[in-house]
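Engineer: My questions all concern the structure below.
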Amino acid sequence: MASKKPVESSMDTIISLSKRRGFIYPSSEIYGGFAGIYDLGPMGVELANNIKTQWWNVMVRRRKDIVGLDSAIFMHPKIWVASGHVAGFSDPLIECKDCHARSRADKLLEEIGIQADEKMSEDEINKLLHDNKDRIVCPSCGKKNFTEAKKFNLLVKSNLGDFSSEGKEPAYLRGETCQGIYVNYKNIIDTMHVKVPFGIAQIGKAFRNEIAPRQFVFRCREFEQMEMQYFLRPENEMSEYDKLKEYRFNALVELGLKKENIRWKKHENLVFYAKAAYDIEYKFPFGWDELEGVHARGNYDLTQHSMHSGEKLDYFDQEKGERYTPHIIESSGGVGRLVLAMLVDSYNEEEVNGETRVVLRLPRKIAPVKVAILPLSKKDELTAPSEKIFDTLKDRFSCVYDETQSIGKRYRRQDEIGTPYCVTFDFDSLKDDAVTVRDRDTMTQDRVKIADFPAYLEENLK
Ligand code: GAP
């Protein structure tokens, strides 16, 4: 029956499946698209929501010491001055003198095996570019004729509330969600009776003027982050940091990512206030790259916001009779990158009876659709009871009802979106009150009484 071909999914395969099956569409496609922006289709929004729910359960619901937050996208412009983003949130930009394509200099250096990153100064980057000028080629036209690298600020400006546009700091679209957490630290302390150590978590959109958006949803200009900031006593920073690292790695394995496809990468070039920084990388088809980061940030964030706002952002430990500014460890990941990793991780091609079957072996708990209800044919005597089954399940499980095309084609469609179970109502069902239940992974079929099916699903989706 089925033989497994060892198929490495390429980015093209994933992009094409994402479009074909309603996971991810390029934004504004009828207008020719809009660089670095994507829309989630009907399957993509279900998958992303399930991933976010799972993250929220692990990072908030399971933890007595972590609370949730949903801060606004727009914040006081001074926040981005205090955080250092206005002065230093930039990437090194170079332009091809021939075709005028813009690139990130650090990424072009990395591609030829030279250690470089966005934290380096313009001089450091330009020296590396100069020393390697014969090896660095423009990804667009292949020539080797670049301008000097210049720092390019990634904050996205808006004209919110600006009716004069004279000499004022603009309102930015937030470049990361965690600033909303830092500036609510005092509110949470005052209203939620939390005691250090405690964390604040949130999920939300972030915006960056990326110079060269690339690799589909991996690097975009609008994306979603899942961030948690943990406030603690300075002397506990590194021990809690190690615990958070382990917690996040295990959470990704629990979510269903294959252990052999994730690994740690240490940041060698730390910003001056950081104590430690590691990324969890995923083995994407274009190579190992960052999925999420776990960073020990010292007391930089609270100190900066305290200085710029004039508000005290310290903590009084009543038991010890001591006042101090908590240190912060952070966990920060992108929803889009995790959606992409999940699609890559679960993509499979198999030979079935001489044909290729594409199947997404998504972990059941995050599959966009849990069960597809398929009448064998469009005859009323089969469709009416099938719709009734849909009605009994729809409030408990994410279901679809599909009566178009042959049953074989419908099975293949469901395999491609990773639906764990297909239920077929056939002519025998009229006599025995049972349906055929097909398992996505093994393609084996069970005959199950309709009355027992909700419990069957409950048990098998665990
Ligand atoms: N608060 C820390 C912070 O924002 P970051 O490494 O810049 O750190 C955290 O971003 C995570 O957000 C990354 O690990 C990645 O998953 C996601 N991310 C960052 N920039 C992104 C982009 N341009 N497109 C998609 N995801 C992005």
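All residue names refer to the structure tokens as shown: chains lettered A, B, ... in order, residues numbered from 1 in each chain, ligands numbered from 1 in order.
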Need to verify the contact set: Val67 (chain A), 10 Å, only C-alpha atoms, exclusion of same-chain residues closer than 3 positions in sequence. Can you return it as number ranges by chain?
Structural biologist: A: 56, 59-61, 63-64, 188, 192, 194, 198-202, 228
Engineer: Those same residues - C-alpha atoms - I'd like them written as an mmCIF file, in the first residue's frame.
Structural biologist:
data_model
loop_
_atom_site.group_PDB
_atom_site.id
_atom_site.type_symbol
_atom_site.label_atom_id
_atom_site.label_comp_id
_atom_site.auth_asym_id
_atom_site.auth_seq_id
_atom_site.Cartn_x
_atom_site.Cartn_y
_atom_site.Cartn_z
ATOM 1 C CA TRP A 56 -0.952 30.490 26.273
ATOM 2 C CA MET A 59 3.016 30.064 29.514
ATOM 3 C CA VAL A 60 0.009 31.422 31.461
ATOM 4 C CA ARG A 61 -2.656 28.905 32.466
ATOM 5 C CA ARG A 63 1.756 28.778 35.755
ATOM 6 C CA LYS A 64 0.648 30.261 39.061
ATOM 7 C CA ILE A 188 0.322 44.499 37.407
ATOM 8 C CA MET A 192 -2.721 41.727 40.786
ATOM 9 C CA VAL A 194 1.902 39.333 42.387
ATOM 10 C CA PHE A 198 6.494 36.589 38.443
ATOM 11 C CA GLY A 199 5.970 36.834 34.707
ATOM 12 C CA ILE A 200 3.769 38.732 32.260
ATOM 13 C CA ALA A 201 2.937 37.147 28.910
ATOM 14 C CA GLN A 202 1.312 38.469 25.780
ATOM 15 C CA MET A 228 6.907 36.435 28.271
#
Engineer: Counting only C-alpha atoms and all ligand atoms, what residues are within 9 Å of ligand 1, given as a PyMOL selection string?
Structural biologist: chain A and resi 36+175-179+206-210+213-214+217-229+279-281+290-295+330-338
Engineer: The selected residues should be written to file as a compact mmCIF listing (two decimals), in the first residue's frame (atoms: C-alpha atoms).
Structural biologist:
# COMPACT_ATOMS: atom_id res chain seq x y z
CA GLY A 36 6.95 41.14 3.46
CA GLY A 175 8.55 46.90 16.93
CA GLU A 176 8.15 44.23 19.64
CA THR A 177 5.35 43.38 22.05
CA CYS A 178 7.45 43.27 25.24
CA GLN A 179 7.62 47.07 25.65
CA ALA A 206 4.70 43.64 15.79
CA PHE A 207 5.97 45.64 12.81
CA ARG A 208 9.47 46.11 11.42
CA ASN A 209 10.71 47.86 8.32
CA GLU A 210 12.77 44.82 7.33
CA PRO A 213 11.95 40.33 3.91
CA ARG A 214 12.71 36.74 2.95
CA VAL A 217 6.69 34.16 6.57
CA PHE A 218 10.13 33.70 8.20
CA ARG A 219 11.08 37.37 7.96
CA CYS A 220 8.17 39.75 7.32
CA ARG A 221 7.32 43.35 8.00
CA GLU A 222 4.13 42.54 9.93
CA PHE A 223 4.16 39.49 12.20
CA GLU A 224 2.92 38.17 15.52
CA GLN A 225 5.03 37.59 18.63
CA MET A 226 4.46 35.48 21.75
CA GLU A 227 6.51 37.02 24.54
CA MET A 228 6.91 36.44 28.27
CA GLN A 229 8.97 38.63 30.58
CA ASP A 279 18.10 31.10 20.39
CA ILE A 280 16.20 27.92 19.67
CA GLU A 281 16.85 27.24 15.99
CA GLU A 290 16.01 31.29 14.71
CA LEU A 291 12.63 30.16 15.93
CA GLU A 292 12.63 31.90 19.29
CA GLY A 293 14.98 33.46 21.80
CA VAL A 294 15.54 33.19 25.55
CA HIS A 295 17.48 36.15 26.92
CA GLU A 330 12.56 36.91 28.43
CA SER A 331 11.14 34.26 26.14
CA SER A 332 10.23 35.62 22.72
CA GLY A 333 8.99 33.75 19.65
CA GLY A 334 7.16 34.41 16.41
CA VAL A 335 3.83 32.83 15.52
CA GLY A 336 4.58 32.85 11.78
CA ARG A 337 7.92 31.10 12.24
CA LEU A 338 6.30 28.39 14.35
Engineer: If you measure from CA of Phe397 (chain A) to CA of Lys431 (chain A), what distance in Å do you get, rounded to one decimal?
Structural biologist: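 A separation of 26.1 Å between them.
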Engineer: Select from region 232-366 of chain A everything DSSP, run on the backbone, classes as strand (DSSP E or B), then give the selection as a ChimeraX atom specification.
Structural biologist: /A:232,262-266,276-284,287-296,315-317,322-324,327-334,347-352,355-360
Engineer: So how many Å separate CA of Leu382 (chain A) and CA of Asp441 (chain A), to one decimal?
Structural biologist: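 Value for the CA of Leu382 (chain A)-CA of Asp441 (chain A) distance: 26.1 Å.
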Engineer: Check which residues of region 57-102 of chain A sit at most 6 Å from region 141-159 of chain A using only C-alpha atoms, and return one row each with the closest pair of atoms and their distance in Å to one decimal, ordered by chain and rising number, as CSV.
Structural biologist:
residue,atom,partner,partner_atom,distance
A:Phe89,CA,A:Asn153,CA,5.6
A:Ser90,CA,A:Asn153,CA,4.1
A:Asp91,CA,A:Phe152,CA,5.4
A:Pro92,CA,A:Lys151,CA,4.5
A:Leu93,CA,A:Ala149,CA,5.2
A:Ile94,CA,A:Ala149,CA,4.7
A:Glu95,CA,A:Thr147,CA,5.5
A:Cys96,CA,A:Phe146,CA,4.6
A:Lys97,CA,A:Phe146,CA,5.4
Engineer: Go through A:Ala276, A:Leu313, A:Leu302, A:Asp65 one by one, measure the shortest atom-to-atom distance of each to Lys195 (chain A) using only C-alpha atoms, and give the residue with the smallest value.
Structural biologist: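 Closest candidate: A:Asp65.
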Engineer: Residues of region 279-329 of chain A that approach region 11-20 of chain A to 10 Å or less, counting only C-alpha atoms: could you list each one with the shortest pair of atoms and its distance in Å to one decimal, rows by chain and increasing residue number, as a Markdown table?
Structural biologist:
| residue | atom | partner | partner_atom | distance |
| --- | --- | --- | --- | --- |
| A:Phe284 | CA | A:Met11 | CA | 8.4 |
| A:Pro285 | CA | A:Met11 | CA | 6.0 |
| A:Phe286 | CA | A:Met11 | CA | 7.4 |
Engineer: Write the residues you've just listed into a file as a compact mmCIF listing (two decimals), in the first residue's frame, and include C-alpha atoms for each of them.
Structural biologist:
# COMPACT_ATOMS: atom_id res chain seq x y z
CA PHE A 284 14.19 25.03 7.93
CA PRO A 285 14.60 23.95 4.28
CA PHE A 286 16.93 26.97 3.83
Engineer: Which residues, written as a VMD selection string, have at least one atom at most 12 Å from Lys107 (chain A), with only C-alpha atoms counted and residues fewer than 2 positions away on the same chain left out?
Structural biologist: chain A and resid 91 to 94 102 to 105 109 to 118 125 129 136 to 139 211 to 214 289
Engineer: Between A:Lys378, A:Arg361, A:Arg396, A:His76, which is the closest to Thr419 (chain A) once you count only C-alpha atoms?
Structural biologist: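 Of A:Lys378, A:Arg361, A:Arg396, A:His76, the one nearest Thr419 (chain A), counting only C-alpha atoms, is A:Arg361.
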Engineer: For a test of reading the model, state the distance in Å between CA of Gly44 (chain A) and CA of Glu254 (chain A), rounded to one decimal.
Structural biologist: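 Taking CA of Gly44 (chain A) as the start and CA of Glu254 (chain A) as the end point, the length is 20.4 Å.
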Engineer: From a DSSP pass on the backbone, collect the residues of region 175-272 of chain A flagged as helix (DSSP H, G or I) and hand them back as an MDAnalysis selection string.
Structural biologist: chainID A and resid 178:182 185:192 234:255 259:261
Engineer: So, counting only C-alpha atoms, which residue among A:Lys186, A:Ile417, A:Phe272, A:Tyr25 is closest to Pro368 (chain A)?
Structural biologist: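 Checking each candidate against Pro368 (chain A), we get A:Ile417 as the closest.
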Engineer: Enumerate, in order of chain and increasing residue number, the residues of region 30-140 of chain A with an atom no farther than 12 Å from region 298-301 of chain A, each with its shortest atom pair and distance in Å to one decimal, counting only C-alpha atoms, as a Markdown table.
Structural biologist:
| residue | atom | partner | partner_atom | distance |
| --- | --- | --- | --- | --- |
| A:Ile79 | CA | A:Asp301 | CA | 10.4 |
| A:Trp80 | CA | A:Asp301 | CA | 11.3 |
| A:Val81 | CA | A:Asp301 | CA | 11.7 |
| A:Ala82 | CA | A:Asp301 | CA | 8.4 |
| A:Ser83 | CA | A:Asp301 | CA | 6.7 |
| A:Gly84 | CA | A:Asp301 | CA | 9.5 |
| A:His85 | CA | A:Asp301 | CA | 11.8 |
Engineer: So that I have them on file, write out the residues from the current selection with N, CA, C and O atoms, as a PDB file, in the first residue's frame.
Structural biologist:
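part25.pdb, written as the output of this step:
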ATOM      1  N   ILE A  79       8.409  55.784  24.690  1.00  0.00           N
ATOM      2  CA  ILE A  79       8.752  54.386  25.033  1.00  0.00           C
ATOM      3  C   ILE A  79       9.867  53.876  24.122  1.00  0.00           C
ATOM      4  O   ILE A  79      10.797  53.198  24.567  1.00  0.00           O
ATOM      5  N   TRP A  80       9.795  54.266  22.849  1.00  0.00           N
ATOM      6  CA  TRP A  80      10.769  53.741  21.884  1.00  0.00           C
ATOM      7  C   TRP A  80      12.104  54.476  21.969  1.00  0.00           C
ATOM      8  O   TRP A  80      13.116  53.966  21.497  1.00  0.00           O
ATOM      9  N   VAL A  81      12.067  55.655  22.590  1.00  0.00           N
ATOM     10  CA  VAL A  81      13.332  56.350  22.877  1.00  0.00           C
ATOM     11  C   VAL A  81      13.978  55.654  24.078  1.00  0.00           C
ATOM     12  O   VAL A  81      15.156  55.270  24.052  1.00  0.00           O
ATOM     13  N   ALA A  82      13.153  55.433  25.141  1.00  0.00           N
ATOM     14  CA  ALA A  82      13.666  54.804  26.361  1.00  0.00           C
ATOM     15  C   ALA A  82      14.217  53.403  26.082  1.00  0.00           C
ATOM     16  O   ALA A  82      15.256  53.013  26.618  1.00  0.00           O
ATOM     17  N   SER A  83      13.541  52.669  25.243  1.00  0.00           N
ATOM     18  CA  SER A  83      13.940  51.271  25.007  1.00  0.00           C
ATOM     19  C   SER A  83      15.226  51.177  24.188  1.00  0.00           C
ATOM     20  O   SER A  83      15.821  50.101  24.101  1.00  0.00           O
ATOM     21  N   GLY A  84      15.591  52.274  23.553  1.00  0.00           N
ATOM     22  CA  GLY A  84      16.794  52.252  22.710  1.00  0.00           C
ATOM     23  C   GLY A  84      16.480  52.009  21.242  1.00  0.00           C
ATOM     24  O   GLY A  84      17.384  52.012  20.398  1.00  0.00           O
ATOM     25  N   HIS A  85      15.202  51.809  20.914  1.00  0.00           N
ATOM     26  CA  HIS A  85      14.870  51.496  19.522  1.00  0.00           C
ATOM     27  C   HIS A  85      15.093  52.683  18.582  1.00  0.00           C
ATOM     28  O   HIS A  85      15.510  52.503  17.446  1.00  0.00           O
TER      29      HIS A  85
END
Engineer: Would you please work out which residue, of A:Ala277, A:Leu232, A:Val271, A:Ile203, is nearest to Trp55 (chain A) when using only C-alpha atoms?
Structural biologist: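 Of the candidates, the smallest distance to Trp55 (chain A) is held by A:Ile203.
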Engineer: Measuring atom to atom with only C-alpha atoms, identify which of A:Ala451, A:Val352, A:Ile328, A:Leu430 is nearest to Ile389 (chain A).
Structural biologist: A:Ala451
Engineer: Of the candidates A:Met75, A:Met120, A:Val253, A:Leu40, which one gets nearest to Ala171 (chain A) if we count only C-alpha atoms?
Structural biologist: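 The answer is A:Met75, which sits nearest to Ala171 (chain A).
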Engineer: If you count only C-alpha atoms, which residues fall within 12 Å of Gln445 (chain A), apart from same-chain ones fewer than 4 positions away, as a PyMOL selection string?
Structural biologist: chain A and resi 421-424+435-441
